[in-house]
>>> print(open('my_file-v4.pdb').read())   # PDB, C-alpha atoms, pLDDT in the B column
ATOM      1  CA  MET A   1       0.000   0.000   0.000  1.00 88.00           C
ATOM      2  CA  THR A   2       1.124   3.536  -0.684  1.00 92.00           C
ATOM      3  CA  PRO A   3       1.347   6.085   2.149  1.00 93.00           C
ATOM      4  CA  ARG A   4      -1.810   7.696   0.765  1.00 94.00           C
ATOM      5  CA  GLU A   5      -3.696   4.389   0.805  1.00 94.00           C
ATOM      6  CA  HIS A   6      -2.583   3.758   4.405  1.00 95.00           C
ATOM      7  CA  LEU A   7      -3.811   7.233   5.373  1.00 97.00           C
ATOM      8  CA  VAL A   8      -7.153   6.716   3.629  1.00 97.00           C
ATOM      9  CA  ALA A   9      -7.625   3.338   5.347  1.00 97.00           C
ATOM     10  CA  PHE A  10      -6.769   4.872   8.726  1.00 97.00           C
ATOM     11  CA  LEU A  11      -9.121   7.815   8.189  1.00 98.00           C
ATOM     12  CA  GLN A  12     -11.951   5.551   7.026  1.00 97.00           C
ATOM     13  CA  LYS A  13     -11.686   3.432  10.181  1.00 98.00           C
ATOM     14  CA  TYR A  14     -11.417   6.578  12.312  1.00 97.00           C
ATOM     15  CA  HIS A  15     -14.484   7.991  10.586  1.00 97.00           C
ATOM     16  CA  ASP A  16     -16.422   4.784  11.201  1.00 97.00           C
ATOM     17  CA  ASP A  17     -15.465   4.891  14.898  1.00 97.00           C
ATOM     18  CA  VAL A  18     -16.581   8.526  15.170  1.00 97.00           C
ATOM     19  CA  LEU A  19     -19.913   7.773  13.524  1.00 94.00           C
ATOM     20  CA  ALA A  20     -20.370   4.772  15.823  1.00 96.00           C
ATOM     21  CA  CYS A  21     -20.246   7.236  18.741  1.00 96.00           C
ATOM     22  CA  GLU A  22     -22.918   9.308  17.056  1.00 93.00           C
ATOM     23  CA  THR A  23     -25.068   6.250  16.358  1.00 94.00           C
ATOM     24  CA  ARG A  24     -24.873   5.224  20.025  1.00 97.00           C
ATOM     25  CA  ALA A  25     -25.747   8.785  21.037  1.00 96.00           C
ATOM     26  CA  LEU A  26     -28.805   8.883  18.806  1.00 94.00           C
ATOM     27  CA  ALA A  27     -29.948   5.494  20.107  1.00 97.00           C
ATOM     28  CA  ALA A  28     -29.582   6.790  23.667  1.00 97.00           C
ATOM     29  CA  MET A  29     -31.620   9.864  22.774  1.00 95.00           C
ATOM     30  CA  ASP A  30     -34.357   7.668  21.294  1.00 96.00           C
ATOM     31  CA  GLN A  31     -34.454   5.818  24.624  1.00 97.00           C
ATOM     32  CA  GLY A  32     -34.638   9.081  26.556  1.00 97.00           C
ATOM     33  CA  ASP A  33     -31.196   8.624  28.133  1.00 97.00           C
ATOM     34  CA  SER A  34     -29.746  12.137  27.995  1.00 95.00           C
ATOM     35  CA  GLN A  35     -26.679  11.212  30.071  1.00 97.00           C
ATOM     36  CA  ALA A  36     -25.678   8.444  27.658  1.00 97.00           C
ATOM     37  CA  TYR A  37     -26.381  10.757  24.718  1.00 96.00           C
ATOM     38  CA  THR A  38     -24.100  13.423  26.180  1.00 97.00           C
ATOM     39  CA  ALA A  39     -21.361  10.897  26.980  1.00 97.00           C
ATOM     40  CA  CYS A  40     -21.401   9.471  23.448  1.00 97.00           C
ATOM     41  CA  MET A  41     -21.386  12.904  21.819  1.00 96.00           C
ATOM     42  CA  LYS A  42     -18.498  13.949  24.042  1.00 97.00           C
ATOM     43  CA  GLU A  43     -16.606  10.810  23.000  1.00 97.00           C
ATOM     44  CA  LYS A  44     -17.259  11.784  19.371  1.00 97.00           C
ATOM     45  CA  ALA A  45     -15.856  15.279  20.009  1.00 97.00           C
ATOM     46  CA  GLU A  46     -12.815  13.894  21.837  1.00 97.00           C
ATOM     47  CA  LYS A  47     -12.068  11.556  18.929  1.00 97.00           C
ATOM     48  CA  MET A  48     -12.380  14.414  16.446  1.00 97.00           C
ATOM     49  CA  ALA A  49     -10.172  16.635  18.612  1.00 97.00           C
ATOM     50  CA  ALA A  50      -7.447  13.965  18.411  1.00 98.00           C
ATOM     51  CA  ILE A  51      -7.717  13.210  14.692  1.00 98.00           C
ATOM     52  CA  LEU A  52      -4.724  15.273  13.590  1.00 97.00           C
ATOM     53  CA  GLN A  53      -2.437  13.794  16.220  1.00 97.00           C
ATOM     54  CA  GLU A  54      -3.667  10.257  15.544  1.00 97.00           C
ATOM     55  CA  ALA A  55      -3.230  10.646  11.766  1.00 97.00           C
ATOM     56  CA  GLN A  56       0.266  12.150  11.944  1.00 96.00           C
ATOM     57  CA  PRO A  57       2.167   8.839  11.502  1.00 96.00           C
ATOM     58  CA  TYR A  58       0.103   8.092   8.387  1.00 96.00           C
ATOM     59  CA  MET A  59       0.901  11.494   6.902  1.00 96.00           C
ATOM     60  CA  ASP A  60       4.678  11.122   7.091  1.00 91.00           C
ATOM     61  CA  GLY A  61       5.081   9.433   3.707  1.00 90.00           C
ATOM     62  CA  LEU A  62       2.927  11.878   1.754  1.00 94.00           C
ATOM     63  CA  ASP A  63       4.384  14.306  -0.754  1.00 94.00           C
ATOM     64  CA  GLU A  64       4.688  17.883   0.504  1.00 94.00           C
ATOM     65  CA  ASP A  65       1.537  19.229  -1.182  1.00 93.00           C
ATOM     66  CA  SER A  66      -0.626  16.322  -0.037  1.00 93.00           C
ATOM     67  CA  HIS A  67       0.791  16.528   3.474  1.00 95.00           C
ATOM     68  CA  GLU A  68      -0.067  20.221   3.667  1.00 96.00           C
ATOM     69  CA  THR A  69      -3.605  19.671   2.352  1.00 95.00           C
ATOM     70  CA  VAL A  70      -4.273  16.809   4.754  1.00 97.00           C
ATOM     71  CA  TYR A  71      -2.709  18.678   7.670  1.00 97.00           C
ATOM     72  CA  HIS A  72      -4.899  21.741   7.150  1.00 97.00           C
ATOM     73  CA  ALA A  73      -8.102  19.730   6.719  1.00 96.00           C
ATOM     74  CA  LEU A  74      -7.496  17.594   9.803  1.00 98.00           C
ATOM     75  CA  HIS A  75      -6.408  20.668  11.753  1.00 97.00           C
ATOM     76  CA  ARG A  76      -9.788  22.281  10.994  1.00 96.00           C
ATOM     77  CA  PHE A  77     -11.666  19.163  12.136  1.00 96.00           C
ATOM     78  CA  SER A  78      -9.566  18.980  15.293  1.00 97.00           C
ATOM     79  CA  ASN A  79      -9.879  22.671  16.124  1.00 97.00           C
ATOM     80  CA  SER A  80     -13.636  22.616  15.686  1.00 95.00           C
ATOM     81  CA  ALA A  81     -13.938  19.668  18.054  1.00 96.00           C
ATOM     82  CA  ARG A  82     -11.615  21.253  20.619  1.00 96.00           C
ATOM     83  CA  MET A  83     -13.731  24.408  20.528  1.00 95.00           C
ATOM     84  CA  GLY A  84     -16.826  22.312  21.181  1.00 95.00           C
ATOM     85  CA  LEU A  85     -15.135  20.636  24.116  1.00 96.00           C
ATOM     86  CA  ARG A  86     -14.104  24.008  25.558  1.00 96.00           C
ATOM     87  CA  VAL A  87     -17.668  25.304  25.480  1.00 96.00           C
ATOM     88  CA  ASN A  88     -18.903  21.922  26.771  1.00 94.00           C
ATOM     89  CA  SER A  89     -21.858  21.844  24.383  1.00 92.00           C
ATOM     90  CA  PRO A  90     -23.530  18.566  23.367  1.00 90.00           C
ATOM     91  CA  PHE A  91     -25.327  20.533  20.649  1.00 88.00           C
ATOM     92  CA  TYR A  92     -21.972  21.674  19.246  1.00 90.00           C
ATOM     93  CA  TRP A  93     -20.640  18.122  19.448  1.00 92.00           C
ATOM     94  CA  SER A  94     -23.664  16.808  17.577  1.00 89.00           C
ATOM     95  CA  ALA A  95     -23.022  19.266  14.728  1.00 89.00           C
ATOM     96  CA  LEU A  96     -19.397  18.251  14.229  1.00 90.00           C
ATOM     97  CA  LEU A  97     -18.890  16.939  10.684  1.00 87.00           C
ATOM     98  CA  TRP A  98     -22.210  18.230   9.382  1.00 85.00           C
ATOM     99  CA  ASN A  99     -23.031  21.269   7.256  1.00 78.00           C
ATOM    100  CA  ASP A 100     -25.636  23.734   8.510  1.00 77.00           C
ATOM    101  CA  ASP A 101     -27.982  22.661   5.709  1.00 81.00           C
ATOM    102  CA  TYR A 102     -27.615  18.927   6.440  1.00 79.00           C
ATOM    103  CA  LYS A 103     -30.432  16.694   5.264  1.00 83.00           C
ATOM    104  CA  PRO A 104     -30.849  13.008   6.180  1.00 79.00           C
ATOM    105  CA  GLY A 105     -28.779  10.924   3.803  1.00 84.00           C
ATOM    106  CA  ASP A 106     -26.171  13.644   3.192  1.00 88.00           C
ATOM    107  CA  THR A 107     -22.530  12.634   3.423  1.00 92.00           C
ATOM    108  CA  ASP A 108     -20.651  14.119   6.362  1.00 93.00           C
ATOM    109  CA  ASN A 109     -17.657  16.404   5.837  1.00 94.00           C
ATOM    110  CA  LEU A 110     -15.020  13.928   7.022  1.00 96.00           C
ATOM    111  CA  GLN A 111     -16.294  11.287   4.609  1.00 96.00           C
ATOM    112  CA  LEU A 112     -16.316  13.864   1.813  1.00 95.00           C
ATOM    113  CA  PHE A 113     -12.663  14.625   2.591  1.00 96.00           C
ATOM    114  CA  ILE A 114     -11.772  10.913   2.639  1.00 97.00           C
ATOM    115  CA  ASN A 115     -13.567  10.441  -0.685  1.00 96.00           C
ATOM    116  CA  LYS A 116     -11.575  13.335  -2.131  1.00 95.00           C
ATOM    117  CA  LEU A 117      -8.331  11.697  -0.990  1.00 94.00           C
ATOM    118  CA  LYS A 118      -9.411   8.403  -2.571  1.00 92.00           C
ATOM    119  CA  ASN A 119     -10.350  10.005  -5.857  1.00 90.00           C
ATOM    120  CA  THR A 120      -7.506  12.442  -6.501  1.00 82.00           C
ATOM    121  CA  SER A 121      -3.900  11.938  -7.424  1.00 61.00           C
ATOM    122  CA  SER A 122      -1.163  12.838  -4.956  1.00 51.00           C
ATOM    123  CA  SER A 123      -0.523  16.218  -6.539  1.00 47.00           C
ATOM    124  CA  GLU A 124      -4.226  17.166  -6.463  1.00 46.00           C
ATOM    125  CA  ALA A 125      -5.068  16.354  -2.828  1.00 51.00           C
TER     126      ALA A 125
END
>>> encode(input="my_file-v4.pdb", output="structure tokens")
Amino acid sequence: MTPREHLVAFLQKYHDDVLACETRALAAMDQGDSQAYTACMKEKAEKMAAILQEAQPYMDGLDEDSHETVYHALHRFSNSARMGLRVNSPFYWSALLWNDDYKPGDTDNLQLFINKLKNTSSSEA
């Protein structure tokens, strides 16, 4: 596997883990368990806050342009999550990854970024 393919595989698994937190949170909300909902959404935010640090080893083999693009995108995801953790807002945590005009069935922003990495050449990322 190329460094890019390793990064994409890592990010896809990370994404799936983040969305699993959200799925558990939504299930808790459906059951009326606000404490479990909050805990799961906080876990989601904590995972997103750590994404840049966790991805760093997978970024090392990328060409300079790709590394910069990935760094900036993951930095934005991480910063947004850290801001949500600072304000301690489950609402903010729930909105991580989603556009303001989100509609059911839309693809989240992290998955869109992963798809872009999958579908572009190294020099285009």
>>> residues_around(input="my_file-v4.pdb", residues="Asn99 in chain A", least_positions_apart="4", cutoff="8 Å", atoms="only C-alpha atoms", output="list in words")
Ala95, Asp108 and Asn109 of chain A
>>> axis_aligned_box(input="my_file-v4.pdb", around="range 109-114 of chain A", padding_each_side="4 Å", output="JSON")
{"center_x": -14.7, "center_y": 13.7, "center_z": 4.4, "size_x": 13.9, "size_y": 13.5, "size_z": 13.2}
>>> closest_residue(input="my_file-v4.pdb", among="A:Glu64, A:Glu43, A:Asp100, A:Asp30", to="Asp17 in chain A", atoms="only C-alpha atoms")
A:Glu43
>>> residues_around(input="my_file-v4.pdb", residues="Pro3 in chain A", least_positions_apart="3", cutoff="9 Å", atoms="all atoms listed in the file", output="PyMOL selection string")
chain A and resi 6-8+58-62
>>> residues_near_point(input="my_file-v4.pdb", point="(-11.2, 15.5, 15.6)", cutoff="6 Å", atoms="all atoms listed in the file", output="list of chain:residue names")
A:Lys47, A:Met48, A:Ala49, A:Ala50, A:Ile51, A:Phe77, A:Ser78, A:Ala81
>>> closest_residue(input="my_file-v4.pdb", among="A:Arg24, A:His15, A:Arg4, A:Lys42", to="Gly84 in chain A", atoms="all atoms listed in the file")
A:Lys42
>>> atom_distance(input="my_file-v4.pdb", atom1="CA of Tyr92 in chain A", atom2="CA of Gln56 in chain A")
25.3 Å
>>> atom_distance(input="my_file-v4.pdb", atom1="CA of Glu22 in chain A", atom2="CA of Lys44 in chain A")
6.6 Å
>>> atom_distance(input="my_file-v4.pdb", atom1="CA of Ala55 in chain A", atom2="CA of Trp98 in chain A")
20.6 Å
>>> closest_residue(input="my_file-v4.pdb", among="A:Glu54, A:Asp106, A:Asp101, A:Asp63", to="Leu11 in chain A", atoms="all atoms listed in the file")
A:Glu54
>>> closest_residue(input="my_file-v4.pdb", among="A:His75, A:Glu5, A:Met83, A:Ser34", to="Leu110 in chain A", atoms="only C-alpha atoms")
A:His75
>>> closest_residue(input="my_file-v4.pdb", among="A:Pro90, A:Ala73, A:Lys116, A:Gly105", to="Ala36 in chain A", atoms="all atoms listed in the file")
A:Pro90
>>> closest_residue(input="my_file-v4.pdb", among="A:Leu52, A:Leu85, A:Leu96, A:Met1", to="Cys21 in chain A", atoms="only C-alpha atoms")
A:Leu96
>>> decode(input="my_file-v4.pdb", residues="range 40-51 of chain A", atoms="all heavy atoms", output="short mmCIF file (atom, residue, chain, number, x, y, z; two decimals), in the first residue's frame")
data_model
loop_
_atom_site.label_atom_id
_atom_site.label_comp_id
_atom_site.auth_asym_id
_atom_site.auth_seq_id
_atom_site.Cartn_x
_atom_site.Cartn_y
_atom_site.Cartn_z
N CYS A 40 -21.79 9.94 24.79
CA CYS A 40 -21.40 9.47 23.45
C CYS A 40 -21.01 10.64 22.54
O CYS A 40 -20.05 10.53 21.77
CB CYS A 40 -22.53 8.67 22.83
SG CYS A 40 -22.81 7.08 23.63
N MET A 41 -21.73 11.74 22.63
CA MET A 41 -21.39 12.90 21.82
C MET A 41 -20.05 13.50 22.26
O MET A 41 -19.26 13.95 21.43
CB MET A 41 -22.48 13.96 21.87
CG MET A 41 -23.66 13.67 20.99
SD MET A 41 -23.16 13.57 19.25
CE MET A 41 -24.70 13.10 18.51
N LYS A 42 -19.79 13.46 23.56
CA LYS A 42 -18.50 13.95 24.04
C LYS A 42 -17.38 13.05 23.54
O LYS A 42 -16.32 13.54 23.13
CB LYS A 42 -18.48 14.03 25.57
CG LYS A 42 -17.20 14.64 26.08
CD LYS A 42 -17.25 14.88 27.56
CE LYS A 42 -15.98 15.63 28.00
NZ LYS A 42 -16.00 15.91 29.43
N GLU A 43 -17.60 11.75 23.54
CA GLU A 43 -16.61 10.81 23.00
C GLU A 43 -16.34 11.12 21.53
O GLU A 43 -15.19 11.11 21.07
CB GLU A 43 -17.09 9.37 23.17
CG GLU A 43 -16.10 8.34 22.66
CD GLU A 43 -16.61 6.91 22.77
OE1 GLU A 43 -17.71 6.67 23.31
OE2 GLU A 43 -15.88 6.02 22.30
N LYS A 44 -17.40 11.40 20.78
CA LYS A 44 -17.26 11.78 19.37
C LYS A 44 -16.37 13.02 19.25
O LYS A 44 -15.43 13.05 18.44
CB LYS A 44 -18.63 12.07 18.77
CG LYS A 44 -18.61 12.64 17.37
CD LYS A 44 -20.02 13.08 16.95
CE LYS A 44 -19.98 13.85 15.66
NZ LYS A 44 -21.27 14.41 15.30
N ALA A 45 -16.64 14.04 20.06
CA ALA A 45 -15.86 15.28 20.01
C ALA A 45 -14.41 15.02 20.41
O ALA A 45 -13.48 15.58 19.79
CB ALA A 45 -16.49 16.33 20.91
N GLU A 46 -14.19 14.19 21.41
CA GLU A 46 -12.81 13.89 21.84
C GLU A 46 -12.05 13.17 20.74
O GLU A 46 -10.87 13.45 20.51
CB GLU A 46 -12.83 13.07 23.13
CG GLU A 46 -13.26 13.88 24.33
CD GLU A 46 -13.56 13.05 25.56
OE1 GLU A 46 -13.79 11.81 25.44
OE2 GLU A 46 -13.56 13.65 26.67
N LYS A 47 -12.72 12.25 20.05
CA LYS A 47 -12.07 11.56 18.93
C LYS A 47 -11.72 12.55 17.82
O LYS A 47 -10.63 12.51 17.27
CB LYS A 47 -12.97 10.45 18.38
CG LYS A 47 -13.01 9.22 19.25
CD LYS A 47 -13.86 8.14 18.60
CE LYS A 47 -13.91 6.89 19.43
NZ LYS A 47 -12.64 6.20 19.56
N MET A 48 -12.66 13.44 17.51
CA MET A 48 -12.38 14.41 16.45
C MET A 48 -11.29 15.40 16.86
O MET A 48 -10.50 15.84 16.03
CB MET A 48 -13.66 15.14 16.05
CG MET A 48 -14.61 14.27 15.23
SD MET A 48 -13.82 13.48 13.79
CE MET A 48 -13.27 14.91 12.87
N ALA A 49 -11.23 15.73 18.14
CA ALA A 49 -10.17 16.64 18.61
C ALA A 49 -8.79 16.00 18.44
O ALA A 49 -7.80 16.70 18.23
CB ALA A 49 -10.41 17.00 20.07
N ALA A 50 -8.73 14.68 18.50
CA ALA A 50 -7.45 13.97 18.41
C ALA A 50 -7.09 13.51 17.00
O ALA A 50 -6.01 12.95 16.80
CB ALA A 50 -7.48 12.76 19.34
N ILE A 51 -7.93 13.79 16.03
CA ILE A 51 -7.72 13.21 14.69
C ILE A 51 -6.38 13.61 14.07
O ILE A 51 -5.70 12.77 13.48
CB ILE A 51 -8.89 13.51 13.74
CG1 ILE A 51 -8.80 12.64 12.50
CG2 ILE A 51 -8.98 15.00 13.39
CD1 ILE A 51 -10.04 12.63 11.64
#
